[in-house]
$ cat start_20.cif   # mmCIF, C-alpha atoms
data_target
loop_
_atom_site.label_atom_id
_atom_site.label_comp_id
_atom_site.auth_asym_id
_atom_site.auth_seq_id
_atom_site.Cartn_x
_atom_site.Cartn_y
_atom_site.Cartn_z
CA SER A 1 -20.23 -22.82 -14.40
CA SER A 2 -18.18 -22.87 -17.60
CA GLN A 3 -21.36 -22.57 -19.70
CA ALA A 4 -22.44 -19.47 -17.75
CA ASP A 5 -19.00 -17.91 -18.08
CA ASP A 6 -19.05 -18.62 -21.80
CA SER A 7 -22.47 -17.01 -22.14
CA ILE A 8 -21.33 -13.89 -20.28
CA SER A 9 -18.24 -13.68 -22.47
CA LYS A 10 -20.34 -13.98 -25.63
CA MET A 11 -22.70 -11.27 -24.39
CA ARG A 12 -19.72 -8.99 -23.65
CA LEU A 13 -18.32 -9.49 -27.14
CA VAL A 14 -21.73 -8.78 -28.68
CA CYS A 15 -21.90 -5.53 -26.64
CA ALA A 16 -18.39 -4.65 -27.77
CA VAL A 17 -19.31 -5.09 -31.43
CA ALA A 18 -22.58 -3.20 -30.94
CA VAL A 19 -20.89 -0.03 -29.68
CA LEU A 20 -18.31 0.16 -32.48
CA GLY A 21 -18.80 2.98 -35.01
CA TRP A 22 -17.25 5.84 -36.96
CA SER A 23 -16.47 9.43 -35.95
CA ALA A 24 -14.87 12.74 -37.12
CA GLY A 25 -11.40 14.09 -36.35
CA LEU A 26 -10.25 17.22 -34.54
CA GLN A 27 -10.71 20.47 -36.45
CA PHE A 28 -8.49 23.47 -35.80
CA PRO A 29 -9.71 26.99 -36.79
CA SER A 30 -7.32 29.67 -37.95
CA VAL A 31 -5.83 31.99 -35.34
CA PRO A 32 -4.41 35.54 -35.35
CA ALA A 33 -0.86 35.98 -36.59
CA LEU A 34 1.88 36.72 -34.07
CA ALA A 35 1.92 40.47 -33.34
CA ARG A 36 5.12 42.51 -33.28
CA HIS A 37 6.15 44.64 -30.32
CA GLY A 38 9.00 47.04 -29.59
CA GLY A 39 11.84 47.13 -27.08
CA ARG A 40 12.83 43.97 -25.24
CA ALA A 41 9.90 42.08 -26.72
CA ALA A 42 11.19 42.83 -30.22
CA ALA A 43 14.60 41.42 -29.32
CA LEU A 44 12.97 38.33 -27.90
CA ARG A 45 10.77 38.07 -31.00
CA SER A 46 13.83 38.28 -33.26
CA SER A 47 15.70 35.63 -31.26
CA LEU A 48 12.64 33.40 -31.19
CA SER A 49 12.14 33.80 -34.95
CA SER A 50 15.71 32.78 -35.71
CA SER A 51 15.74 29.72 -33.47
CA SER A 52 12.19 28.67 -34.24
CA GLU A 53 12.68 28.95 -38.01
CA HIS A 54 15.71 26.68 -37.73
CA TYR A 55 13.71 24.26 -35.57
CA LEU A 56 10.66 24.26 -37.84
CA SER A 57 12.74 23.83 -41.01
CA SER A 58 14.50 20.80 -39.51
CA LEU A 59 11.28 18.94 -38.68
CA PRO A 60 10.65 15.68 -40.54
CA THR A 61 7.25 15.02 -42.04
CA ILE A 62 5.30 12.86 -39.60
CA THR A 63 1.89 11.29 -39.76
CA LEU A 64 0.01 10.81 -36.53
CA PRO A 65 -2.69 8.15 -36.18
CA GLU A 66 -5.99 9.31 -37.66
CA THR A 67 -8.47 10.26 -34.99
CA LEU A 68 -11.74 8.43 -35.63
CA PRO A 69 -15.02 10.23 -34.87
CA ALA A 70 -16.83 9.57 -31.64
CA VAL A 71 -20.13 10.47 -30.05
CA GLU A 72 -20.19 13.83 -28.23
CA SER A 73 -20.72 12.68 -24.68
CA VAL A 74 -18.68 12.30 -21.52
CA GLU A 75 -18.72 9.77 -18.72
CA THR A 76 -17.73 11.00 -15.24
CA ALA A 77 -15.80 8.87 -12.77
CA ASP A 78 -16.62 7.62 -9.32
CA GLU A 79 -15.23 4.75 -7.26
CA THR A 80 -16.80 2.15 -9.58
CA ARG A 81 -16.88 3.85 -13.00
CA PHE A 82 -14.26 5.31 -15.30
CA ALA A 83 -14.37 8.81 -16.82
CA HIS A 84 -14.32 9.07 -20.62
CA ALA A 85 -14.34 11.83 -23.23
CA PRO A 86 -14.20 11.40 -27.01
CA ALA A 87 -12.00 13.59 -29.20
CA SER A 88 -15.04 15.70 -30.09
CA TYR A 89 -15.29 16.82 -26.45
CA PHE A 90 -12.07 18.81 -26.91
CA THR A 91 -12.59 20.39 -30.33
CA LEU A 92 -11.70 24.07 -30.26
CA ASP A 93 -15.27 25.29 -30.48
CA LYS A 94 -15.97 23.44 -27.21
CA LEU A 95 -13.14 25.12 -25.24
CA MET A 96 -13.82 28.11 -22.98
CA PRO A 97 -11.77 31.24 -23.85
CA LYS A 98 -9.66 32.61 -21.01
CA GLY A 99 -8.57 35.78 -22.79
CA PRO A 100 -5.08 37.28 -23.35
CA ARG A 101 -2.20 36.21 -21.14
CA LYS A 102 -1.45 39.23 -18.97
CA ASN A 103 2.28 38.57 -18.62
CA ALA A 104 3.01 38.06 -22.35
CA ASP A 105 6.10 39.85 -23.65
CA VAL A 106 6.01 38.46 -27.20
CA GLY A 107 2.96 38.64 -29.43
CA GLU A 108 -0.59 38.49 -28.11
CA PRO A 109 -1.11 34.91 -26.87
CA HIS A 110 -4.62 34.08 -25.74
CA ASP A 111 -5.83 30.68 -24.62
CA ALA A 112 -8.85 28.48 -24.01
CA THR A 113 -9.46 25.32 -22.02
CA ARG A 114 -11.99 22.65 -21.04
CA PRO A 115 -11.66 20.29 -18.07
CA LEU A 116 -12.77 16.67 -18.22
CA ALA A 117 -12.74 15.49 -14.60
CA THR A 118 -10.84 15.51 -11.33
CA VAL A 119 -10.34 12.17 -9.59
CA GLY A 120 -8.51 12.45 -6.29
CA ALA A 121 -5.22 14.26 -6.88
CA ILE A 122 -5.29 14.18 -10.69
CA SER A 123 -7.31 16.11 -13.23
CA ALA A 124 -7.56 16.04 -17.03
CA GLY A 125 -8.60 18.43 -19.76
CA SER A 126 -7.58 20.20 -22.96
CA TRP A 127 -5.91 23.56 -23.69
CA TRP A 128 -5.29 25.71 -26.75
CA CYS A 129 -3.04 28.77 -27.06
CA ALA A 130 -2.28 31.24 -29.85
CA GLN A 131 1.22 32.31 -30.85
CA GLY A 132 3.32 34.36 -28.46
CA GLY A 133 5.61 34.06 -25.47
CA TRP A 134 5.73 34.76 -21.75
CA PRO A 135 7.94 34.17 -18.71
CA SER A 136 6.86 31.61 -16.13
CA PRO A 137 9.01 32.57 -13.13
CA THR A 138 6.88 31.06 -10.37
CA PRO A 139 7.76 27.41 -9.60
CA ARG A 140 4.96 25.09 -10.66
CA ALA A 141 2.69 23.93 -7.82
CA THR A 142 1.76 20.69 -9.66
CA THR A 143 3.21 18.22 -12.13
CA GLU A 144 1.68 18.46 -15.60
CA VAL A 145 1.87 15.89 -18.39
CA PHE A 146 0.51 16.78 -21.80
CA PHE A 147 0.23 15.31 -25.28
CA VAL A 148 0.43 17.70 -28.25
CA PHE A 149 -2.33 17.43 -30.86
CA ALA A 150 -1.13 20.31 -33.01
CA GLY A 151 1.28 23.24 -33.06
CA HIS A 152 4.89 23.90 -32.12
CA GLY A 153 6.40 25.50 -29.06
CA CYS A 154 9.48 25.82 -26.89
CA LEU A 155 9.93 25.49 -23.13
CA THR A 156 13.05 27.12 -21.70
CA ASP A 157 14.49 26.13 -18.32
CA LEU A 158 15.91 28.71 -15.90
CA ASP A 159 19.45 28.19 -17.19
CA GLY A 160 18.41 28.89 -20.80
CA THR A 161 18.17 25.28 -22.00
CA SER A 162 15.47 25.09 -24.70
CA HIS A 163 13.14 22.16 -25.32
CA TYR A 164 11.18 22.27 -28.59
CA PHE A 165 8.00 20.26 -28.93
CA GLY A 166 5.38 19.60 -31.60
CA PRO A 167 2.59 17.24 -32.73
CA GLY A 168 2.82 13.77 -31.19
CA ASP A 169 5.21 14.81 -28.42
CA THR A 170 4.65 14.11 -24.73
CA VAL A 171 5.78 16.83 -22.31
CA VAL A 172 6.30 16.62 -18.55
CA LEU A 173 6.55 19.81 -16.49
CA PRO A 174 7.54 18.63 -12.99
CA LYS A 175 6.37 20.35 -9.84
CA GLY A 176 8.85 23.15 -9.13
CA TRP A 177 9.66 23.86 -12.79
CA SER A 178 9.93 27.47 -13.87
CA GLY A 179 11.22 29.13 -17.00
CA ARG A 180 9.61 30.38 -20.20
CA TRP A 181 6.93 29.47 -22.75
CA ASP A 182 7.14 30.39 -26.46
CA ILE A 183 4.44 29.29 -28.90
CA MET A 184 5.56 29.39 -32.56
CA GLN A 185 2.43 27.77 -34.01
CA PRO A 186 -0.89 27.56 -32.10
CA ILE A 187 -0.82 24.71 -29.57
CA HIS A 188 -3.64 22.28 -28.84
CA LYS A 189 -3.02 19.63 -26.21
CA VAL A 190 -4.65 17.22 -23.78
CA TRP A 191 -3.31 17.64 -20.22
CA PHE A 192 -3.10 15.68 -16.99
CA VAL A 193 -2.26 17.59 -13.81
CA HIS A 194 -1.12 15.82 -10.65
CA ASP A 195 -1.41 17.79 -7.41
CA HIS A 196 1.07 16.20 -4.99
CA PRO A 197 2.64 17.65 -1.83
CA ASN A 198 6.38 17.65 -2.45
CA VAL A 199 8.84 18.74 -5.12
CA GLU A 200 10.36 15.38 -6.07
CA GLU A 201 12.93 16.48 -8.65
CA THR A 202 16.49 16.85 -7.35
CA ALA A 203 18.09 18.47 -10.43
CA SER A 204 18.85 22.17 -10.42
CA PRO A 205 17.32 23.71 -12.37
CA ILE A 206 14.31 21.42 -12.70
CA ARG A 207 13.91 20.61 -16.40
CA ALA A 208 11.03 20.09 -18.79
CA VAL A 209 11.01 16.57 -20.22
CA ILE A 210 10.09 16.06 -23.89
CA THR A 211 9.50 12.61 -25.42
CA HIS A 212 8.94 12.39 -29.17
CA TYR A 213 6.33 10.09 -30.66
CA GLY A 214 9.01 7.86 -32.20
CA ALA A 215 10.05 6.80 -28.70
CA PHE A 216 6.82 4.78 -28.56
CA ALA A 217 7.71 2.64 -31.59
CA PRO A 218 7.49 -1.13 -30.97
CA HIS A 219 11.26 -1.67 -30.81
CA HIS A 220 11.49 0.82 -27.92
CA LEU A 221 8.93 -0.99 -25.77
CA ALA A 222 9.57 -3.85 -23.35
CA GLN A 223 7.59 -6.91 -24.46
CA GLN A 224 5.50 -8.38 -21.65
CA GLY A 225 3.96 -11.34 -23.47
CA VAL A 226 0.40 -12.63 -23.36
CA ARG A 227 -1.63 -11.49 -20.36
CA PRO A 228 -2.04 -14.42 -17.99
CA ASP A 229 -5.56 -13.26 -17.10
CA ALA A 230 -6.81 -13.22 -20.71
CA ILE A 231 -10.24 -14.80 -21.18
CA HIS A 232 -10.45 -14.39 -24.97
CA GLY A 233 -7.71 -14.33 -27.58
CA ALA A 234 -4.08 -13.85 -26.70
CA PRO A 235 -3.65 -10.15 -25.87
CA ARG A 236 0.07 -9.34 -25.91
CA THR A 237 1.23 -6.22 -24.12
CA ALA A 238 4.35 -4.06 -24.22
CA SER A 239 5.25 -0.94 -22.27
CA ARG A 240 7.82 1.78 -21.72
CA THR A 241 8.13 4.18 -18.81
CA ILE A 242 9.43 7.62 -19.84
CA TYR A 243 9.12 9.41 -16.49
CA ASP A 244 9.08 7.98 -12.96
CA VAL A 245 9.70 10.52 -10.21
CA GLY A 246 8.03 10.41 -6.82
CA PRO A 247 4.31 9.61 -7.06
CA THR A 248 4.05 10.37 -10.81
CA GLU A 249 4.78 7.80 -13.53
CA VAL A 250 4.32 8.28 -17.28
CA GLY A 251 4.67 5.87 -20.16
CA CYS A 252 3.29 4.12 -23.22
CA TRP A 253 1.43 0.78 -23.37
CA THR A 254 0.32 -1.39 -26.26
CA CYS A 255 -2.01 -4.38 -26.39
CA SER A 256 -3.10 -6.68 -29.21
CA ALA A 257 -6.66 -7.98 -29.67
CA GLY A 258 -8.21 -9.95 -26.81
CA SER A 259 -10.18 -9.64 -23.57
CA PHE A 260 -9.20 -9.49 -19.91
CA PRO A 261 -10.58 -8.31 -16.55
CA VAL A 262 -9.22 -5.69 -14.16
CA VAL A 263 -9.95 -6.17 -10.45
CA ASP A 264 -9.66 -3.43 -7.80
CA ARG A 265 -7.02 -1.12 -9.31
CA SER A 266 -4.37 -0.11 -6.78
CA THR A 267 -3.63 3.23 -8.50
CA THR A 268 -5.44 5.93 -10.47
CA GLU A 269 -4.57 6.01 -14.17
CA CYS A 270 -5.28 8.64 -16.81
CA PHE A 271 -4.58 7.82 -20.43
CA HIS A 272 -4.95 9.20 -23.93
CA VAL A 273 -5.61 6.73 -26.73
CA LEU A 274 -3.05 7.05 -29.54
CA GLU A 275 -4.17 4.10 -31.67
CA GLY A 276 -6.68 1.28 -31.70
CA VAL A 277 -10.27 0.42 -30.82
CA PHE A 278 -11.45 -1.19 -27.59
CA VAL A 279 -14.41 -1.35 -25.23
CA LEU A 280 -14.23 -0.63 -21.49
CA SER A 281 -16.98 -2.09 -19.31
CA ASN A 282 -17.91 -1.25 -15.71
CA THR A 283 -19.24 -3.84 -13.29
CA ASP A 284 -22.73 -2.31 -13.56
CA GLY A 285 -22.83 -3.34 -17.23
CA SER A 286 -22.27 0.14 -18.70
CA ALA A 287 -19.67 0.18 -21.47
CA ARG A 288 -17.92 2.69 -23.72
CA ARG A 289 -16.24 2.27 -27.07
CA CYS A 290 -12.82 4.00 -27.09
CA VAL A 291 -10.83 5.00 -30.18
CA ALA A 292 -7.77 7.10 -31.04
CA GLY A 293 -8.20 10.60 -29.62
CA ASP A 294 -10.22 9.54 -26.56
CA THR A 295 -9.21 10.35 -22.99
CA VAL A 296 -9.97 8.07 -20.03
CA ILE A 297 -9.50 8.10 -16.24
CA LEU A 298 -9.55 4.79 -14.35
CA PRO A 299 -9.97 5.54 -10.63
CA ARG A 300 -8.20 3.70 -7.85
CA GLY A 301 -10.33 0.69 -6.92
CA TRP A 302 -11.89 0.38 -10.39
CA THR A 303 -13.00 -3.09 -11.43
CA GLY A 304 -14.07 -3.77 -15.00
CA HIS A 305 -13.24 -5.36 -18.30
CA TRP A 306 -11.19 -4.62 -21.44
CA ASP A 307 -12.21 -5.92 -24.88
CA VAL A 308 -9.48 -4.93 -27.36
CA ILE A 309 -10.87 -5.00 -30.90
CA GLU A 310 -7.96 -3.45 -32.79
CA PRO A 311 -4.39 -3.16 -31.37
CA VAL A 312 -4.18 -0.36 -28.83
CA ARG A 313 -1.46 2.17 -28.08
CA LYS A 314 -1.95 4.63 -25.23
CA LEU A 315 -0.07 7.32 -23.32
CA TRP A 316 -0.64 6.74 -19.60
CA VAL A 317 -0.13 8.66 -16.38
CA VAL A 318 -0.31 6.70 -13.11
CA ILE A 319 -0.31 8.27 -9.66
CA ASP A 320 0.26 6.53 -6.34
#
$ encode --input "start_20.cif" --output "C-alpha cells"
Amino acid sequence: SSQADDSISKMRLVCAVAVLGWSAGLQFPSVPALARHGGRAAALRSSLSSSSEHYLSSLPTITLPETLPAVESVETADETRFAHAPASYFTLDKLMPKGPRKNADVGEPHDATRPLATVGAISAGSWWCAQGGWPSPTPRATTEVFFVFAGHGCLTDLDGTSHYFGPGDTVVLPKGWSGRWDIMQPIHKVWFVHDHPNVEETASPIRAVITHYGAFAPHHLAQQGVRPDAIHGAPRTASRTIYDVGPTEVGCWTCSAGSFPVVDRSTTECFHVLEGVFVLSNTDGSARRCVAGDTVILPRGWTGHWDVIEPVRKLWVVID
C-alpha cells in the first residue's frame, strides 16, 4: 500500500541519517629520496630529471575534494551485497610492503599494496611506490584503471611517447600495454584490474590513457535529467565515458540529492567516490555510509537502494 511504502521510505531515510558521521583523511609518511646510480641509469636519471622538472614546474595548483574520515571496516561482496572500503582502509600504514623492484634501473623504488576484493573478473585495491624508474617490457595481461591520490609519475609507451600523471588523474593501462614507469614523487593510488581474455586495443603501440580531474567538471558531462525511478527528491544525474574498449568501460557520474532503487544489475561496477555523501543499502537491510575517498564494488545481479545525501561524483569502471 502507499502508506506501507511511505513508512519504508521514512525508515530508510532515518537509517541514512543515522549512519552519517565524520572521519579523517589519508596520511602520507615521508619516503626515501631518489638514489643516484652510474652508467645507463645515470643517463636515464638525468633525462628524467630534466623532463620531470619541466613537468612539475608547469603544474597548476589544484585542490582535490577533502576526504572525510570513515570507520575502519570493510564489507565484502557476494551476489546480493556490495563490497565497500573507507579511505582509512588504504592508508599507507595498512599496506603490505612488497620490497624493492628487482628490475629498477633508476633509483631504488619499493612498493606496497593492499587488495580490497575480487568479484568475478575484476579486483580492486591500493598501491604505493617510492621514487624511481623501471622498464615494463612484458605486455600487460590485464587492463588496469587507477586513480591517483598523491604523487607524480610518467608512463612511456614503446615508441617513446610520455604520459605524465599526478593527483586527481585517472589512468588506464590497457591489456597488451608495455613501456616504462618513472615515479618522480611517491605515488599512492586506488586500482581496479580487469582480467579479460583478449587484447582489445587495435593501436600500435598500445597507449596509456590519462584523464585529468578537470575533465570531470560539470560542463564536460552529459546531463541525463531526473531519474525516472526516483522515490524521494529529484536526483539529477550526469555522466561522461572516458574509455570504452571491449568489455571495459570507464567514466565519471554525478548525482544530486534524492533516493532511488537498483534492481538486478546487469554488469559489475567498481567505483571510487570523489565527492559527496550517500548511503547504499542491500536487500537484507544492511547499509553503509559512503563519502569521498571510499571504494565500492557492486556485483552483477545486485539489488539495493541509493540515498544521496550530498551531491555525489564518482569514478566508475564497468565490465561486461
$ residues_around --input "start_20.cif" --residues "Pro135 of chain A" --least-positions-apart "3" --cutoff "10 Å" --atoms "all atoms listed in the file" --output "PyMOL selection string"
chain A and resi 103-106+138+155-156+178-182
$ atom_distance --input "start_20.cif" --atom1 "atom CA of Thr91 of chain A" --atom2 "atom CA of Ile183 of chain A"
19.3 Å
$ resolve_selection --input "start_20.cif" --expression "the PyMOL selection byres ((chain A and resi 296-302) around 8)" --output "PyMOL selection string"
chain A and resi 77-85+119+262-272+294-295+303-304
$ residues_around --input "start_20.cif" --residues "Gly214 of chain A" --least-positions-apart "4" --cutoff "9 Å" --atoms "all atoms listed in the file" --output "mmCIF file with C-alpha atoms, in the coordinates of the input"
data_model
loop_
_atom_site.group_PDB
_atom_site.id
_atom_site.type_symbol
_atom_site.label_atom_id
_atom_site.label_comp_id
_atom_site.auth_asym_id
_atom_site.auth_seq_id
_atom_site.Cartn_x
_atom_site.Cartn_y
_atom_site.Cartn_z
ATOM 1 C CA GLY A 168 2.820 13.770 -31.190
ATOM 2 C CA ASP A 169 5.210 14.810 -28.420
ATOM 3 C CA HIS A 220 11.490 0.820 -27.920
#
$ residues_around --input "start_20.cif" --residues "His188 of chain A" --least-positions-apart "6" --cutoff "8 Å" --atoms "all atoms listed in the file" --output "compact mmCIF listing (two decimals) with C-alpha atoms, keeping the file's coordinate frame"
# COMPACT_ATOMS: atom_id res chain seq x y z
CA SER A 126 -7.58 20.20 -22.96
CA TRP A 127 -5.91 23.56 -23.69
CA TRP A 128 -5.29 25.71 -26.75
CA CYS A 129 -3.04 28.77 -27.06
CA VAL A 148 0.43 17.70 -28.25
CA PHE A 149 -2.33 17.43 -30.86
CA ALA A 150 -1.13 20.31 -33.01
CA GLY A 151 1.28 23.24 -33.06
$ atom_distance --input "start_20.cif" --atom1 "atom CA of Thr142 of chain A" --atom2 "atom CA of Glu249 of chain A"
13.8 Å
$ atom_distance --input "start_20.cif" --atom1 "atom CA of Pro235 of chain A" --atom2 "atom CA of Asp307 of chain A"
9.6 Å
$ resolve_selection --input "start_20.cif" --expression "the PyMOL selection byres ((chain A and resi 309) around 7)" --output "PyMOL selection string"
chain A and resi 257-258+277-278+307-308+310-311
$ residues_around --input "start_20.cif" --residues "segment 193-210 of chain A" --least-positions-apart "6" --cutoff "6 Å" --atoms "all atoms listed in the file" --output "JSON list (two decimals) with C-alpha atoms, in the coordinates of the input"
[["chain", "number", "residue", "atom", "x", "y", "z"],
["A", 121, "ALA", "CA", -5.22, 14.26, -6.88],
["A", 122, "ILE", "CA", -5.29, 14.18, -10.69],
["A", 123, "SER", "CA", -7.31, 16.11, -13.23],
["A", 142, "THR", "CA", 1.76, 20.69, -9.66],
["A", 143, "THR", "CA", 3.21, 18.22, -12.13],
["A", 144, "GLU", "CA", 1.68, 18.46, -15.60],
["A", 157, "ASP", "CA", 14.49, 26.13, -18.32],
["A", 170, "THR", "CA", 4.65, 14.11, -24.73],
["A", 171, "VAL", "CA", 5.78, 16.83, -22.31],
["A", 172, "VAL", "CA", 6.30, 16.62, -18.55],
["A", 173, "LEU", "CA", 6.55, 19.81, -16.49],
["A", 175, "LYS", "CA", 6.37, 20.35, -9.84],
["A", 176, "GLY", "CA", 8.85, 23.15, -9.13],
["A", 177, "TRP", "CA", 9.66, 23.86, -12.79],
["A", 246, "GLY", "CA", 8.03, 10.41, -6.82]]
$ resolve_selection --input "start_20.cif" --expression "the PyMOL selection byres ((chain A and resi 87) around 7)" --output "PyMOL selection string"
chain A and resi 26+70+85-86+88-91+293-294
$ closest_residue --input "start_20.cif" --among "A:Val317, A:Arg236, A:Val190, A:Gln224" --to "Gly251 of chain A" --atoms "only C-alpha atoms"
A:Val317
$ closest_residue --input "start_20.cif" --among "A:Val145, A:Ala130, A:Ala124, A:Ala238" --to "Leu221 of chain A" --atoms "all atoms listed in the file"
A:Ala238
$ closest_residue --input "start_20.cif" --among "A:Gln131, A:Ser259, A:Thr248, A:Asn282" --to "Gln185 of chain A" --atoms "only C-alpha atoms"
A:Gln131
$ residues_around --input "start_20.cif" --residues "Trp306 of chain A" --least-positions-apart "5" --cutoff "7 Å" --atoms "all atoms listed in the file" --output "PDB file with C-alpha atoms, in the coordinates of the input"
ATOM      1  CA  SER A 259     -10.180  -9.640 -23.570  1.00  0.00           C
ATOM      2  CA  PHE A 260      -9.200  -9.490 -19.910  1.00  0.00           C
ATOM      3  CA  PRO A 261     -10.580  -8.310 -16.550  1.00  0.00           C
ATOM      4  CA  VAL A 279     -14.410  -1.350 -25.230  1.00  0.00           C
ATOM      5  CA  LEU A 280     -14.230  -0.630 -21.490  1.00  0.00           C
ATOM      6  CA  SER A 281     -16.980  -2.090 -19.310  1.00  0.00           C
TER       7      SER A 281
END
$ closest_residue --input "start_20.cif" --among "A:Val226, A:Ala217, A:Val312, A:Ile242" --to "Thr254 of chain A" --atoms "all atoms listed in the file"
A:Val312
$ closest_residue --input "start_20.cif" --among "A:Pro247, A:His219, A:Ser162, A:Cys255" --to "Ala234 of chain A" --atoms "all atoms listed in the file"
A:Cys255
$ axis_aligned_box --input "start_20.cif" --around "segment 223-236 of chain A" --padding-each-side "4 Å" --output "lines of an AutoDock Vina configuration file"
center_x = -1.4
center_y = -10.9
center_z = -22.3
size_x = 26.0
size_y = 15.9
size_z = 18.5
$ build_atoms --input "start_20.cif" --residues "segment 279-286 of chain A" --atoms "all heavy atoms" --output "PDB file, keeping the file's coordinate frame"
ATOM      1  N   VAL A 279     -13.224  -1.642 -26.021  1.00  0.00           N
ATOM      2  CA  VAL A 279     -14.410  -1.350 -25.230  1.00  0.00           C
ATOM      3  C   VAL A 279     -14.066  -1.540 -23.758  1.00  0.00           C
ATOM      4  O   VAL A 279     -13.499  -2.576 -23.376  1.00  0.00           O
ATOM      5  CB  VAL A 279     -15.590  -2.247 -25.616  1.00  0.00           C
ATOM      6  CG1 VAL A 279     -16.772  -2.034 -24.674  1.00  0.00           C
ATOM      7  CG2 VAL A 279     -16.003  -1.983 -27.052  1.00  0.00           C
ATOM      8  N   LEU A 280     -14.375  -0.528 -22.936  1.00  0.00           N
ATOM      9  CA  LEU A 280     -14.230  -0.630 -21.490  1.00  0.00           C
ATOM     10  C   LEU A 280     -15.608  -0.848 -20.887  1.00  0.00           C
ATOM     11  O   LEU A 280     -16.566  -0.156 -21.251  1.00  0.00           O
ATOM     12  CB  LEU A 280     -13.622   0.648 -20.908  1.00  0.00           C
ATOM     13  CG  LEU A 280     -12.113   0.869 -21.032  1.00  0.00           C
ATOM     14  CD1 LEU A 280     -11.737   2.191 -20.385  1.00  0.00           C
ATOM     15  CD2 LEU A 280     -11.330  -0.266 -20.419  1.00  0.00           C
ATOM     16  N   SER A 281     -15.708  -1.792 -19.958  1.00  0.00           N
ATOM     17  CA  SER A 281     -16.980  -2.090 -19.310  1.00  0.00           C
ATOM     18  C   SER A 281     -16.846  -1.952 -17.805  1.00  0.00           C
ATOM     19  O   SER A 281     -15.852  -2.401 -17.221  1.00  0.00           O
ATOM     20  CB  SER A 281     -17.442  -3.511 -19.636  1.00  0.00           C
ATOM     21  OG  SER A 281     -17.523  -3.711 -21.030  1.00  0.00           O
ATOM     22  N   ASN A 282     -17.834  -1.321 -17.173  1.00  0.00           N
ATOM     23  CA  ASN A 282     -17.910  -1.250 -15.710  1.00  0.00           C
ATOM     24  C   ASN A 282     -18.659  -2.472 -15.183  1.00  0.00           C
ATOM     25  O   ASN A 282     -19.319  -3.203 -15.932  1.00  0.00           O
ATOM     26  CB  ASN A 282     -18.645   0.025 -15.286  1.00  0.00           C
ATOM     27  CG  ASN A 282     -17.892   1.287 -15.630  1.00  0.00           C
ATOM     28  OD1 ASN A 282     -16.738   1.455 -15.245  1.00  0.00           O
ATOM     29  ND2 ASN A 282     -18.542   2.190 -16.359  1.00  0.00           N
ATOM     30  N   THR A 283     -18.570  -2.688 -13.883  1.00  0.00           N
ATOM     31  CA  THR A 283     -19.240  -3.840 -13.290  1.00  0.00           C
ATOM     32  C   THR A 283     -20.765  -3.713 -13.323  1.00  0.00           C
ATOM     33  O   THR A 283     -21.470  -4.720 -13.205  1.00  0.00           O
ATOM     34  CB  THR A 283     -18.778  -4.051 -11.833  1.00  0.00           C
ATOM     35  OG1 THR A 283     -18.975  -2.827 -11.106  1.00  0.00           O
ATOM     36  CG2 THR A 283     -17.326  -4.444 -11.780  1.00  0.00           C
ATOM     37  N   ASP A 284     -21.284  -2.483 -13.496  1.00  0.00           N
ATOM     38  CA  ASP A 284     -22.730  -2.310 -13.560  1.00  0.00           C
ATOM     39  C   ASP A 284     -23.287  -2.595 -14.959  1.00  0.00           C
ATOM     40  O   ASP A 284     -24.484  -2.428 -15.202  1.00  0.00           O
ATOM     41  CB  ASP A 284     -23.142  -0.919 -13.102  1.00  0.00           C
ATOM     42  CG  ASP A 284     -22.596   0.189 -14.005  1.00  0.00           C
ATOM     43  OD1 ASP A 284     -21.942  -0.128 -15.026  1.00  0.00           O
ATOM     44  OD2 ASP A 284     -22.824   1.375 -13.685  1.00  0.00           O
ATOM     45  N   GLY A 285     -22.391  -3.007 -15.881  1.00  0.00           N
ATOM     46  CA  GLY A 285     -22.830  -3.340 -17.230  1.00  0.00           C
ATOM     47  C   GLY A 285     -22.697  -2.202 -18.225  1.00  0.00           C
ATOM     48  O   GLY A 285     -22.805  -2.428 -19.435  1.00  0.00           O
ATOM     49  N   SER A 286     -22.469  -0.966 -17.767  1.00  0.00           N
ATOM     50  CA  SER A 286     -22.270   0.140 -18.700  1.00  0.00           C
ATOM     51  C   SER A 286     -20.929  -0.029 -19.412  1.00  0.00           C
ATOM     52  O   SER A 286     -19.966  -0.546 -18.839  1.00  0.00           O
ATOM     53  CB  SER A 286     -22.310   1.481 -17.958  1.00  0.00           C
ATOM     54  OG  SER A 286     -21.310   1.538 -16.960  1.00  0.00           O
TER      55      SER A 286
END
